[in-house]
Amino acid sequence: MKKLICICVALVLALGSFCALAEEDLQAQLDAANEKIAELQAQVDAYYPFYAAQIVATYGADGVIWLEDVQEQFDAVEAQYANYGISLASYGMVDSVKKDIIDSAVRTAVLQDKAAELGLNAFDEDELAEFAQSAQEMMDDYVEYYLSYFYADAEEVTDEMRAEAEAYWADNGMNYDACLETLKSDAADAALYDYVTGDVAITEEDVEATYAARVEADRQNYANDRTYNADRSAGVGVAWNPEGYRAVKHVLIKFDDEQAQLYSDLQSQLDSLNDEKDAIENPEAADEADGEDAEAAEPRTVEEVNADIAACATEMEALYSQLLPTAEEVIAAFDSGADFDELIEKYNGDPGMQNEPTATIGYAVAENSTYWEQAFVDGAMSIEDKGGISGPVYGSNGIHIIYYMDDVPAGEVALEEIREDVEQEALETKIQTTYDDQVAAWEAEAGVQCFYENFGITAA
């Protein structure tokens, strides 16, 4: 770009010199000027492909996104991924990341121009003062983070240390001015977003369309038990329930830390012993898995391994026996008419039974559930009648006493039951669609052109 400007300046200077010449031979002067213009035009034409190759996007009357700017952003992203051991090239992500950078850069530029056109980036004195204070606070936080990391043991923070911290952040593109510009830019972006979406409202038609879409999405997604239970436990407004689920609550008599560690150790031993037993019973599969270089070890008999497994199981049973009196106390209280929610409040060690929504709606369990451990699933499904409880269920966290609340009605959940959630989704969707459509219209109005190939993108 600078070279092109210099060429144009040279052209102007040449014409100026031409005007200063004596006017004795006008035709000769015109011929000389035309020759000079042609010479300069040839230089411009020769240089233009190199100049154009430095442009990755254009917009508006003279807006340009330069290759060197997006390359700098890409290098930063690539380095960030590399810090986590991820190669963009190895994962085939180079083109997509580069395209996202160009698209984001040109969109940001178009929106900045539109905010300026609408006067949304003009701030009063109070706003500017608030930005200035926030920018300084941001820089102070950056400096303090640096000092706490590199000088955590320092008895006193010196001016030299602070200067070092400030220099570090400046080298990484972060200083007071950068913070200030970021705050002003963010405020302008927010004002532009409000300008576009402030009056967006939904209709009943929007709500019904959102509800229908959610029912269909849930019908497909909730074939996966883990997805269904994760959403239900997180309080998502479920619009469709799969078949075969019952809602349960439970009291968990939980292992303390020492018991939990012992359980973990015993379980690890059992896993190893079972693997050893399997290797004895299936020697060909074990040899193939171990490979030819595996060290030869004196094999044990199945009986020896079974003896160790039995000893482990005995220790496990003894561990559970420490919790069993409390579990029996819970069962006895329930059988005597105690409300199960009161038993949860008194005995339970599972936060899920105290936090909403599961404190109210319970957990959803089916025969093929994988979200819960198998012992819990088996215990929940063993209860014959609604309103009944299980016996002591030995799990990885302690002993469960499970209460069968109700069946979860399969199929669509009525709109009125989840209306608030659906209306919120409909509004958020309409707001985002309205904004995206307006931004796309502004980009079209600005005549955005992207030259992805100049950034080495092979397929945009």
# chains A, B, ... in the order shown; residues from 1 in each chain; ligands from 1
$ select_by_dssp --residues "stretch 145-351 of chain A" --states "strand (DSSP E or B)" --output "PyMOL selection string"
chain A and resi 240-241+246-254
$ residues_around --residues "A:Asn224" --least-positions-apart "5" --cutoff "10 Å" --atoms "only C-alpha atoms" --output "PyMOL selection string"
chain A and resi 218-219+229+242+369-371
$ residues_around --residues "stretch 432-442 of chain A" --least-positions-apart "5" --cutoff "8 Å" --atoms "only C-alpha atoms" --output "PyMOL selection string"
chain A and resi 107+110-111+193+196-197+200
$ residues_around --residues "A:Gln269" --least-positions-apart "6" --cutoff "10 Å" --atoms "only C-alpha atoms" --output "PyMOL selection string"
chain A and resi 263+275+308-309+312
$ closest_residue --among "A:Asp62, A:Glu216, A:Asp186, A:Asp75" --to "A:Glu412" --atoms "only C-alpha atoms"
A:Glu216
$ closest_atom_pairs --of "stretch 363-420 of chain A" --to "stretch 206-213 of chain A" --cutoff "12 Å" --atoms "only C-alpha atoms" --output "JSON lines"
{"residue": "A:Glu412", "atom": "CA", "partner": "A:Ala212", "partner_atom": "CA", "distance": 9.7}
{"residue": "A:Val413", "atom": "CA", "partner": "A:Tyr211", "partner_atom": "CA", "distance": 9.8}
{"residue": "A:Ala414", "atom": "CA", "partner": "A:Tyr211", "partner_atom": "CA", "distance": 9.4}
{"residue": "A:Leu415", "atom": "CA", "partner": "A:Tyr211", "partner_atom": "CA", "distance": 6.9}
{"residue": "A:Glu416", "atom": "CA", "partner": "A:Tyr211", "partner_atom": "CA", "distance": 10.2}
{"residue": "A:Glu417", "atom": "CA", "partner": "A:Tyr211", "partner_atom": "CA", "distance": 11.2}
{"residue": "A:Ile418", "atom": "CA", "partner": "A:Tyr211", "partner_atom": "CA", "distance": 9.0}
{"residue": "A:Arg419", "atom": "CA", "partner": "A:Val207", "partner_atom": "CA", "distance": 8.2}
{"residue": "A:Glu420", "atom": "CA", "partner": "A:Val207", "partner_atom": "CA", "distance": 9.8}
$ write_last_selection --atoms "C-alpha atoms" --output "CSV table (one decimal), in the first residue's frame"
chain,number,residue,atom,x,y,z
A,412,GLU,CA,-44.6,-35.0,24.8
A,413,VAL,CA,-44.7,-32.8,27.8
A,414,ALA,CA,-47.5,-30.3,27.5
A,415,LEU,CA,-46.5,-26.8,26.4
A,416,GLU,CA,-48.0,-25.2,29.5
A,417,GLU,CA,-45.8,-27.2,31.7
A,418,ILE,CA,-42.6,-25.8,30.1
A,419,ARG,CA,-44.0,-22.6,28.7
A,420,GLU,CA,-41.7,-20.2,30.5
$ closest_residue --among "A:Ala109, A:Ala217, A:Ala444, A:Leu343" --to "A:Trp66" --atoms "only C-alpha atoms"
A:Ala109
$ residues_around --residues "stretch 248-261 of chain A" --least-positions-apart "6" --cutoff "7 Å" --atoms "only C-alpha atoms" --output "number ranges by chain"
A: 323, 327, 344, 347-350, 362-364, 397-405
$ residues_around --residues "A:Leu88" --least-positions-apart "4" --cutoff "10 Å" --atoms "only C-alpha atoms" --output "count of residues only"
11
$ select_by_dssp --residues "stretch 145-314 of chain A" --states "alpha helix (DSSP H)" --output "PyMOL selection string"
chain A and resi 145-150+159-171+176-197+204-221+225-234+257-281+283-290+302-314
$ closest_residue --among "A:Met139, A:Ala191, A:Met161, A:Val56" --to "A:Gly119" --atoms "only C-alpha atoms"
A:Ala191
$ atom_distance --atom1 "atom CA of A:Ile280" --atom2 "atom CA of A:Ala375"
27.3 Å
